[in-house]
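Trainee: Enclosed is the structure file coords_31.pdb (PDB, C-alpha atoms).
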```
ATOM      1  CA  MET A  20      26.625 160.376  63.799
ATOM      2  CA  ALA A  21      23.934 162.853  62.779
ATOM      3  CA  ASP A  22      23.335 163.987  66.344
ATOM      4  CA  LEU A  23      26.955 164.845  66.987
ATOM      5  CA  SER A  24      27.832 165.831  63.474
ATOM      6  CA  ARG A  25      30.579 168.111  62.342
ATOM      7  CA  ALA A  26      27.911 170.737  61.678
ATOM      8  CA  HIS A  27      26.856 170.802  65.349
ATOM      9  CA  ILE A  28      30.430 171.207  66.536
ATOM     10  CA  GLU A  29      31.129 173.946  63.994
ATOM     11  CA  ALA A  30      27.953 175.790  64.964
ATOM     12  CA  PHE A  31      28.981 175.623  68.608
ATOM     13  CA  LEU A  32      32.506 176.874  67.853
ATOM     14  CA  GLU A  33      31.088 179.705  65.738
ATOM     15  CA  MET A  34      28.851 180.759  68.635
ATOM     16  CA  MET A  35      31.773 180.643  71.087
ATOM     17  CA  SER A  36      33.824 182.822  68.759
ATOM     18  CA  ALA A  37      31.150 185.336  67.785
ATOM     19  CA  GLU A  38      29.229 185.671  71.042
ATOM     20  CA  ARG A  39      31.816 184.804  73.677
ATOM     21  CA  GLY A  40      34.933 186.047  71.938
ATOM     22  CA  ALA A  41      36.775 182.788  72.623
ATOM     23  CA  ALA A  42      40.442 182.809  71.635
ATOM     24  CA  GLY A  43      41.794 180.626  68.850
ATOM     25  CA  ASN A  44      43.580 178.282  71.253
ATOM     26  CA  THR A  45      40.390 177.865  73.279
ATOM     27  CA  LEU A  46      38.368 177.038  70.177
ATOM     28  CA  SER A  47      40.955 174.480  69.045
ATOM     29  CA  SER A  48      40.892 172.876  72.483
ATOM     30  CA  TYR A  49      37.085 172.670  72.460
ATOM     31  CA  GLU A  50      37.157 171.163  68.976
ATOM     32  CA  ARG A  51      39.608 168.409  69.944
ATOM     33  CA  ASP A  52      37.737 167.609  73.152
ATOM     34  CA  LEU A  53      34.345 167.390  71.444
ATOM     35  CA  GLU A  54      35.654 165.242  68.633
ATOM     36  CA  ASP A  55      37.103 162.884  71.227
ATOM     37  CA  LEU A  56      33.733 162.767  73.010
ATOM     38  CA  GLN A  57      32.013 162.141  69.677
ATOM     39  CA  SER A  58      34.247 159.153  68.953
ATOM     40  CA  PHE A  59      33.554 157.658  72.382
ATOM     41  CA  LEU A  60      29.768 158.086  72.094
ATOM     42  CA  LEU A  61      29.679 156.607  68.603
ATOM     43  CA  ALA A  62      31.675 153.588  69.819
ATOM     44  CA  SER A  63      29.106 153.237  72.617
ATOM     45  CA  SER A  64      26.236 153.303  70.095
ATOM     46  CA  THR A  65      24.849 156.606  71.331
ATOM     47  CA  SER A  66      25.045 160.275  70.382
ATOM     48  CA  ALA A  67      25.021 163.759  71.834
ATOM     49  CA  LEU A  68      21.274 164.072  71.481
ATOM     50  CA  THR A  69      20.534 160.738  73.165
ATOM     51  CA  ALA A  70      23.436 160.433  75.630
ATOM     52  CA  GLN A  71      22.461 160.412  79.297
ATOM     53  CA  SER A  72      24.482 161.495  82.305
ATOM     54  CA  ALA A  73      25.611 157.884  82.766
ATOM     55  CA  ASN A  74      27.124 157.871  79.273
ATOM     56  CA  LEU A  75      29.037 161.056  79.966
ATOM     57  CA  SER A  76      30.185 159.740  83.345
ATOM     58  CA  ALA A  77      31.439 156.651  81.549
ATOM     59  CA  TYR A  78      33.413 158.914  79.227
ATOM     60  CA  LEU A  79      35.059 160.661  82.185
ATOM     61  CA  ALA A  80      35.867 157.267  83.723
ATOM     62  CA  HIS A  81      37.353 156.243  80.387
ATOM     63  CA  LEU A  82      39.603 159.310  80.457
ATOM     64  CA  GLY A  83      40.768 158.379  83.963
ATOM     65  CA  ALA A  84      41.531 154.830  82.837
ATOM     66  CA  GLN A  85      43.531 156.254  79.932
ATOM     67  CA  GLY A  86      45.722 158.101  82.407
ATOM     68  CA  PHE A  87      44.430 161.628  81.872
ATOM     69  CA  ALA A  88      45.194 163.915  84.794
ATOM     70  CA  ALA A  89      42.309 165.345  86.807
ATOM     71  CA  SER A  90      43.061 168.787  85.324
ATOM     72  CA  SER A  91      42.728 167.411  81.786
ATOM     73  CA  GLN A  92      39.472 165.646  82.682
ATOM     74  CA  ALA A  93      38.143 168.885  84.175
ATOM     75  CA  ARG A  94      38.983 170.763  80.964
ATOM     76  CA  LYS A  95      37.137 168.191  78.841
ATOM     77  CA  LEU A  96      34.162 168.312  81.207
ATOM     78  CA  SER A  97      34.091 172.095  80.809
ATOM     79  CA  ALA A  98      33.937 171.693  77.030
ATOM     80  CA  MET A  99      31.103 169.165  77.402
ATOM     81  CA  ARG A 100      29.126 171.507  79.638
ATOM     82  CA  GLN A 101      29.472 174.423  77.258
ATOM     83  CA  PHE A 102      28.454 172.228  74.332
ATOM     84  CA  TYR A 103      25.383 170.796  76.055
ATOM     85  CA  LYS A 104      24.277 174.258  77.160
ATOM     86  CA  PHE A 105      24.454 175.231  73.499
ATOM     87  CA  LEU A 106      22.412 172.184  72.386
ATOM     88  CA  TYR A 107      19.803 172.943  75.047
ATOM     89  CA  ALA A 108      19.616 176.635  74.121
ATOM     90  CA  GLU A 109      19.203 175.741  70.447
ATOM     91  CA  GLY A 110      16.369 173.369  71.244
ATOM     92  CA  LEU A 111      18.316 170.337  70.076
ATOM     93  CA  ARG A 112      17.972 168.769  73.527
ATOM     94  CA  GLY A 113      15.290 169.122  76.165
ATOM     95  CA  ASP A 114      17.755 168.796  79.057
ATOM     96  CA  ASP A 115      21.388 169.216  79.967
ATOM     97  CA  PRO A 116      22.870 165.868  81.118
ATOM     98  CA  THR A 117      26.076 167.521  82.383
ATOM     99  CA  THR A 118      24.398 169.364  85.265
ATOM    100  CA  ILE A 119      24.708 166.420  87.686
ATOM    101  CA  LEU A 120      28.240 165.429  86.692
ATOM    102  CA  ASP A 121      30.885 165.899  89.349
ATOM    103  CA  ALA A 122      34.178 167.464  88.420
ATOM    104  CA  PRO A 123      37.138 165.094  88.906
ATOM    105  CA  LYS A 124      38.953 165.710  92.148
ATOM    106  CA  LYS A 125      42.351 167.239  91.680
ATOM    107  CA  GLY A 126      45.028 165.789  93.887
ATOM    108  CA  ARG A 127      46.868 168.445  95.814
ATOM    109  CA  SER A 128      50.552 168.241  94.996
ATOM    110  CA  LEU A 129      52.982 168.221  97.872
ATOM    111  CA  PRO A 130      55.033 171.408  98.231
ATOM    112  CA  LYS A 131      58.644 171.344  97.113
ATOM    113  CA  ILE A 132      60.940 171.768 100.063
ATOM    114  CA  MET A 133      64.622 171.953 100.877
ATOM    115  CA  SER A 134      66.372 169.833 103.445
ATOM    116  CA  GLU A 135      67.818 171.457 106.546
ATOM    117  CA  ASP A 136      71.284 170.694 105.198
ATOM    118  CA  GLU A 137      70.537 172.489 101.920
ATOM    119  CA  VAL A 138      69.257 175.562 103.756
ATOM    120  CA  THR A 139      72.367 175.535 105.950
ATOM    121  CA  ARG A 140      74.644 175.392 102.902
ATOM    122  CA  LEU A 141      72.773 178.299 101.339
ATOM    123  CA  LEU A 142      72.940 180.451 104.470
ATOM    124  CA  GLU A 143      76.593 179.648 105.133
ATOM    125  CA  LEU A 144      77.609 180.652 101.612
ATOM    126  CA  ALA A 145      75.534 183.836 101.820
ATOM    127  CA  ALA A 146      77.243 184.734 105.116
ATOM    128  CA  LYS A 147      80.678 183.988 103.683
ATOM    129  CA  GLU A 148      80.056 186.171 100.628
ATOM    130  CA  ALA A 149      78.547 188.965 102.745
ATOM    131  CA  ALA A 150      81.746 189.150 104.790
ATOM    132  CA  GLU A 151      83.849 189.869 101.713
ATOM    133  CA  PRO A 152      84.615 193.599 101.267
ATOM    134  CA  GLY A 153      84.162 195.298  97.929
ATOM    135  CA  PRO A 154      81.763 197.407  95.860
ATOM    136  CA  GLU A 155      79.124 194.647  95.812
ATOM    137  CA  GLN A 156      79.089 194.087  99.555
ATOM    138  CA  LEU A 157      75.780 195.897 100.043
ATOM    139  CA  ALA A 158      74.070 193.508  97.590
ATOM    140  CA  ARG A 159      75.644 190.508  99.329
ATOM    141  CA  LEU A 160      74.588 191.765 102.774
ATOM    142  CA  ARG A 161      71.108 192.340 101.389
ATOM    143  CA  MET A 162      70.935 188.748 100.152
ATOM    144  CA  LEU A 163      71.987 187.439 103.556
ATOM    145  CA  ALA A 164      69.385 189.603 105.308
ATOM    146  CA  LEU A 165      66.680 188.483 102.879
ATOM    147  CA  LEU A 166      67.489 184.813 103.371
ATOM    148  CA  GLU A 167      67.756 185.014 107.144
ATOM    149  CA  LEU A 168      64.438 186.854 107.380
ATOM    150  CA  LEU A 169      62.736 184.468 104.988
ATOM    151  CA  TYR A 170      63.898 181.316 106.771
ATOM    152  CA  ALA A 171      63.260 182.790 110.226
ATOM    153  CA  THR A 172      59.689 183.898 109.492
ATOM    154  CA  GLY A 173      58.413 181.996 106.434
ATOM    155  CA  MET A 174      56.858 185.210 105.153
ATOM    156  CA  ARG A 175      55.643 185.533 101.582
ATOM    157  CA  VAL A 176      58.198 186.973  99.186
ATOM    158  CA  SER A 177      55.897 189.945  98.512
ATOM    159  CA  GLU A 178      55.788 190.651 102.257
ATOM    160  CA  LEU A 179      59.563 190.299 102.531
ATOM    161  CA  VAL A 180      60.703 192.628  99.759
ATOM    162  CA  SER A 181      58.185 195.321 100.789
ATOM    163  CA  LEU A 182      59.232 195.530 104.447
ATOM    164  CA  PRO A 183      59.435 199.147 105.659
ATOM    165  CA  VAL A 184      62.734 200.660 106.716
ATOM    166  CA  LYS A 185      61.390 201.177 110.273
ATOM    167  CA  VAL A 186      62.206 197.495 110.803
ATOM    168  CA  LEU A 187      65.755 198.709 111.459
ATOM    169  CA  ASP A 188      64.624 200.828 114.401
ATOM    170  CA  GLN A 189      62.543 198.252 116.229
ATOM    171  CA  GLU A 190      63.829 196.465 119.282
ATOM    172  CA  GLY A 191      63.164 192.932 120.396
ATOM    173  CA  ARG A 192      62.956 189.600 118.677
ATOM    174  CA  PHE A 193      59.578 189.982 117.026
ATOM    175  CA  LEU A 194      58.564 191.389 113.666
ATOM    176  CA  VAL A 195      55.135 192.685 112.663
ATOM    177  CA  ILE A 196      54.216 191.558 109.142
ATOM    178  CA  ARG A 197      51.382 193.083 107.168
ATOM    179  CA  GLY A 198      49.976 190.279 105.012
ATOM    180  CA  LYS A 199      46.999 189.564 102.794
ATOM    181  CA  GLY A 200      43.911 191.640 103.478
ATOM    182  CA  ASN A 201      46.096 194.105 105.416
ATOM    183  CA  LYS A 202      46.094 191.674 108.338
ATOM    184  CA  GLU A 203      49.008 191.940 110.726
ATOM    185  CA  ARG A 204      50.736 189.040 112.415
ATOM    186  CA  LEU A 205      53.604 188.817 114.879
ATOM    187  CA  VAL A 206      56.492 186.484 114.067
ATOM    188  CA  PRO A 207      59.669 185.781 116.057
ATOM    189  CA  LEU A 208      63.108 186.485 114.609
ATOM    190  CA  SER A 209      66.179 184.324 115.036
ATOM    191  CA  ARG A 210      69.347 185.842 116.450
ATOM    192  CA  SER A 211      71.101 185.290 113.135
ATOM    193  CA  ALA A 212      68.304 187.143 111.303
ATOM    194  CA  ILE A 213      68.568 190.087 113.704
ATOM    195  CA  ALA A 214      72.352 190.212 113.224
ATOM    196  CA  ALA A 215      72.087 189.984 109.422
ATOM    197  CA  VAL A 216      69.525 192.797 109.251
ATOM    198  CA  ALA A 217      71.624 194.980 111.554
ATOM    199  CA  SER A 218      74.778 194.470 109.440
ATOM    200  CA  TYR A 219      72.883 195.177 106.250
ATOM    201  CA  GLY A 220      71.205 198.222 107.817
ATOM    202  CA  GLU A 221      74.503 199.822 108.758
ATOM    203  CA  VAL A 222      75.971 199.533 105.244
ATOM    204  CA  ARG A 223      72.629 200.576 103.771
ATOM    205  CA  ARG A 224      72.653 203.813 105.796
ATOM    206  CA  GLN A 225      76.134 204.652 104.546
ATOM    207  CA  ALA A 226      75.198 203.927 100.924
ATOM    208  CA  LEU A 227      72.055 206.110 101.082
ATOM    209  CA  ALA A 228      73.587 208.932 103.139
ATOM    210  CA  LYS A 229      74.097 211.164 100.098
ATOM    211  CA  SER A 230      71.203 210.143  97.846
ATOM    212  CA  GLY A 231      68.573 210.252 100.584
ATOM    213  CA  ASP A 232      66.835 207.464 102.459
ATOM    214  CA  SER A 233      63.993 205.303 101.232
ATOM    215  CA  PRO A 234      60.852 204.190 103.116
ATOM    216  CA  TRP A 235      61.680 200.601 102.178
ATOM    217  CA  LEU A 236      64.121 198.244 103.878
ATOM    218  CA  PHE A 237      65.241 196.883 100.500
ATOM    219  CA  PRO A 238      65.033 199.941  98.198
ATOM    220  CA  SER A 239      65.178 199.779  94.432
ATOM    221  CA  ALA A 240      65.092 202.199  91.526
ATOM    222  CA  GLY A 241      62.025 200.417  90.120
ATOM    223  CA  LYS A 242      58.552 201.922  90.001
ATOM    224  CA  GLU A 243      57.441 200.282  93.277
ATOM    225  CA  GLY A 244      60.473 201.611  95.105
ATOM    226  CA  TYR A 245      61.473 198.302  96.653
ATOM    227  CA  LEU A 246      63.325 195.229  95.426
ATOM    228  CA  PRO A 247      61.274 193.347  92.790
ATOM    229  CA  ARG A 248      60.587 189.785  93.900
ATOM    230  CA  GLN A 249      61.762 188.558  90.487
ATOM    231  CA  VAL A 250      65.196 190.068  91.117
ATOM    232  CA  PHE A 251      65.414 188.363  94.506
ATOM    233  CA  ALA A 252      64.354 185.048  92.951
ATOM    234  CA  ARG A 253      66.997 185.405  90.235
ATOM    235  CA  ASP A 254      69.761 186.250  92.709
ATOM    236  CA  LEU A 255      68.685 183.374  94.959
ATOM    237  CA  LYS A 256      69.057 180.905  92.104
ATOM    238  CA  GLY A 257      72.531 182.284  91.430
ATOM    239  CA  LEU A 258      73.499 181.768  95.074
ATOM    240  CA  ALA A 259      72.028 178.243  95.017
ATOM    241  CA  ALA A 260      74.122 177.371  91.961
ATOM    242  CA  ARG A 261      77.283 178.638  93.658
ATOM    243  CA  ALA A 262      76.393 176.532  96.704
ATOM    244  CA  GLY A 263      76.242 173.431  94.532
ATOM    245  CA  LEU A 264      72.451 173.095  94.779
ATOM    246  CA  ARG A 265      70.032 172.540  91.907
ATOM    247  CA  ALA A 266      69.107 176.137  91.167
ATOM    248  CA  ALA A 267      65.921 175.201  89.292
ATOM    249  CA  ALA A 268      64.503 173.699  92.486
ATOM    250  CA  ILE A 269      65.222 176.748  94.673
ATOM    251  CA  SER A 270      62.955 179.786  94.969
ATOM    252  CA  PRO A 271      61.702 182.136  97.705
ATOM    253  CA  HIS A 272      58.461 180.128  97.853
ATOM    254  CA  VAL A 273      60.398 176.883  98.304
ATOM    255  CA  MET A 274      62.219 178.539 101.216
ATOM    256  CA  ARG A 275      58.817 179.405 102.724
ATOM    257  CA  HIS A 276      57.823 175.749 102.390
ATOM    258  CA  ALA A 277      61.105 174.733 104.014
ATOM    259  CA  PHE A 278      60.404 177.018 106.971
ATOM    260  CA  ALA A 279      57.009 175.372 107.579
ATOM    261  CA  SER A 280      58.159 171.813 107.004
ATOM    262  CA  HIS A 281      61.231 172.105 109.206
ATOM    263  CA  LEU A 282      59.131 173.538 112.046
ATOM    264  CA  LEU A 283      56.738 170.597 111.857
ATOM    265  CA  GLN A 284      59.574 168.094 111.620
ATOM    266  CA  ASN A 285      60.954 169.494 114.851
ATOM    267  CA  GLY A 286      57.698 169.297 116.788
ATOM    268  CA  ALA A 287      55.795 172.536 116.057
ATOM    269  CA  ASP A 288      51.998 172.495 116.189
ATOM    270  CA  LEU A 289      50.131 172.857 112.888
ATOM    271  CA  ARG A 290      48.059 175.744 114.286
ATOM    272  CA  VAL A 291      51.214 177.633 115.214
ATOM    273  CA  VAL A 292      52.594 177.168 111.710
ATOM    274  CA  GLN A 293      49.276 178.408 110.324
ATOM    275  CA  GLU A 294      49.597 181.629 112.332
ATOM    276  CA  LEU A 295      53.219 182.163 111.346
ATOM    277  CA  LEU A 296      52.512 181.651 107.645
ATOM    278  CA  GLY A 297      49.516 183.971 107.740
ATOM    279  CA  HIS A 298      47.050 181.368 106.457
ATOM    280  CA  SER A 299      43.467 182.372 107.191
ATOM    281  CA  ASP A 300      42.294 178.753 106.903
ATOM    282  CA  ILE A 301      43.933 175.711 108.495
ATOM    283  CA  SER A 302      43.111 173.699 105.353
ATOM    284  CA  THR A 303      45.756 175.701 103.464
ATOM    285  CA  THR A 304      48.379 174.709 106.025
ATOM    286  CA  GLN A 305      47.357 171.065 105.840
ATOM    287  CA  ILE A 306      49.421 170.566 102.692
ATOM    288  CA  TYR A 307      52.225 169.984 105.181
ATOM    289  CA  THR A 308      50.489 167.113 106.963
ATOM    290  CA  HIS A 309      52.667 164.626 105.074
ATOM    291  CA  VAL A 310      55.519 165.947 107.227
ATOM    292  CA  LEU A 311      53.505 165.359 110.398
ATOM    293  CA  GLU A 312      52.512 161.881 109.240
ATOM    294  CA  GLU A 313      56.151 160.935 108.657
ATOM    295  CA  ARG A 314      57.159 162.283 112.069
ATOM    296  CA  LEU A 315      54.342 160.374 113.796
ATOM    297  CA  ARG A 316      55.366 157.198 111.973
ATOM    298  CA  GLU A 317      58.936 157.607 113.215
ATOM    299  CA  LEU A 318      57.722 158.251 116.764
ATOM    300  CA  VAL A 319      55.606 155.093 116.770
ATOM    301  CA  GLN A 320      58.377 152.990 115.304
ATOM    302  CA  THR A 321      60.843 154.342 117.849
ATOM    303  CA  HIS A 322      58.787 154.460 121.038
ATOM    304  CA  HIS A 323      55.850 152.061 120.758
ATOM    305  CA  PRO A 324      56.373 148.964 122.980
ATOM    306  CA  LEU A 325      55.446 146.539 120.210
ATOM    307  CA  ALA A 326      57.839 148.231 117.802
ATOM    308  CA  LYS A 327      60.619 147.968 120.397
ATOM    309  CA  GLN A 328      59.883 144.277 120.918
ATOM    310  CA  ALA A 329      60.011 143.603 117.201
ATOM    311  CA  LYS A 330      63.323 145.429 116.949
ATOM    312  CA  ASN A 331      64.773 143.432 119.846
ATOM    313  CA  ARG A 332      63.796 140.181 118.126
ATOM    314  CA  GLU A 333      65.712 141.106 114.996
TER     315      GLU A 333
END
```
The structure in this file should be written as structure tokens.

Mentor:
Amino acid sequence: MADLSRAHIEAFLEMMSAERGAAGNTLSSYERDLEDLQSFLLASSTSALTAQSANLSAYLAHLGAQGFAASSQARKLSAMRQFYKFLYAEGLRGDDPTTILDAPKKGRSLPKIMSEDEVTRLLELAAKEAAEPGPEQLARLRMLALLELLYATGMRVSELVSLPVKVLDQEGRFLVIRGKGNKERLVPLSRSAIAAVASYGEVRRQALAKSGDSPWLFPSAGKEGYLPRQVFARDLKGLAARAGLRAAAISPHVMRHAFASHLLQNGADLRVVQELLGHSDISTTQIYTHVLEERLRELVQTHHPLAKQAKNRE
């Protein structure tokens, strides 16, 4: 108890506040985590000053057994490391037992995606609304163009809303996208995307004929000059709700995931998808391997001779 006393914790928290400028929420989090560690060590008949790396590893294993997520374990480990650095610096310990502890591995969550049917419903409603005349037609045509471009290319929403107006003048079925690090990549456009952009472009020209053109394909009165991605995300959720979809599950980033997943489901190579998405590392694209695994499983079950024999015996 004396080695991990309230006085040690308070001294550590005071140092974090005075020297590091830690926020109140951070200090409260550290306090809770260290008190929890203290309780575990006392129950194990040890203390902060005598605990070895094995004791602290046992504590992390205990957290895992209690159902704590890897992110929560990592936060508690961070508090432990800061605390033991403090004890070492103050001469209360001659070593830091946290230096050889491994951070818990965080499982990579699968991306949220939409089914092909859900995307179709969204695009069909957008096209239907865009065909309706009226004062809001430009906004409806813009939404259709945004969606068609997004689903055809899988580009990031920041890349989409900041497309230059010269896109309207280019010919052919390919679009040059300037992505992260100013790197350019070439992506193909679908015929429906080309048609949607052309229809939007014509009405856009008429609307801006008097006020003057903008260098952006999707101009806005905001400080950046182009459509804020938050506005697009909001309007997309509104369209999703009108299409009878769960609006909370729909976003521009989910549409980007849908683009990648649907390509893989229909036989595209992972390296091709990597290039189209603008990922610099294939490991980033590998979050979609669950789609490939499912497709391979279906192929084996459908075409493998043993699978066919088993099906015939049923």

Trainee: Counting all atoms listed in the file, which residue out of A:Gly297, A:Arg223, A:Phe237, A:Leu96 sits closest to A:Leu53?

Mentor: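 Nearest candidate to A:Leu53 out of A:Gly297, A:Arg223, A:Phe237, A:Leu96: A:Leu96.
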
Trainee: Which residue, A:Gln225, A:Ser134, A:Gln284, A:Gln249, has the smallest gap to A:Ser270 when you use all atoms listed in the file?

Mentor: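 Counting all atoms listed in the file, the residue closest to A:Ser270 is A:Gln249.
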
Trainee: Given the file above and the PyMOL selection byres ((chain A and resi 276) around 8), which residues are selected, and can you give them as a ChimeraX atom specification?

Mentor: /A:130-133,173,272-275,277-280

Trainee: Please write as a PyMOL selection string the full residue list that the PyMOL selection byres ((chain A and resi 155-162) around 12) yields on this file.

Mentor: chain A and resi 141-154+163-169+179-180+212+214-227+236-239+246+250-259+271

Trainee: Given the file shown, enumerate the residues that the PyMOL selection byres ((chain A and resi 100) around 12) captures and present them as a ChimeraX atom specification.

Mentor: /A:31,49,52-53,56,67,72,75,93-99,101-107,114-122

Trainee: How many Å separate atom CA of A:Leu46 from atom CA of A:Met34?

Mentor: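 A separation of 10.3 Å between them.
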
Trainee: Just give me the gap between atom CA of A:Arg140 and atom CA of A:Ala287 in Å, one decimal is fine.

Mentor: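 These atoms are spaced 23.2 Å apart.
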
Trainee: So how many Å separate atom CA of A:Val138 and atom CA of A:Ile269, to one decimal?

Mentor: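 That distance, rounded to one decimal, is 10.0 Å.
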
Trainee: Residues within 12 Å of (45.4, 188.3, 101.1), file coordinates, counting only C-alpha atoms: what are they? Give the list as a list in words.

Mentor: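 The distance filter leaves exactly Arg175, Ser177, Glu178, Arg197, Gly198, Lys199, Gly200, Asn201, Lys202, Glu203, Leu296, Gly297, His298, Ser299 and Asp300 of chain A.
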
Trainee: Considering all atoms listed in the file, can you say which of A:Ala62, A:Val292, A:Leu79, A:Leu111 comes closest to A:Pro123?

Mentor: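 Between A:Ala62, A:Val292, A:Leu79, A:Leu111, the residue approaching A:Pro123 most closely is A:Leu79.
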
Trainee: Taking into account all atoms listed in the file, which residue in the set A:Gln85, A:Thr69, A:Ser233, A:Thr304 is nearest to A:Leu283?

Mentor: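 Smallest separation from A:Leu283 among the options: A:Thr304.
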
Trainee: Which of these, A:Arg25, A:Asp188, A:Ser76, A:Gly86, has the shortest distance to A:Ser58 once you count all atoms listed in the file?

Mentor: A:Arg25
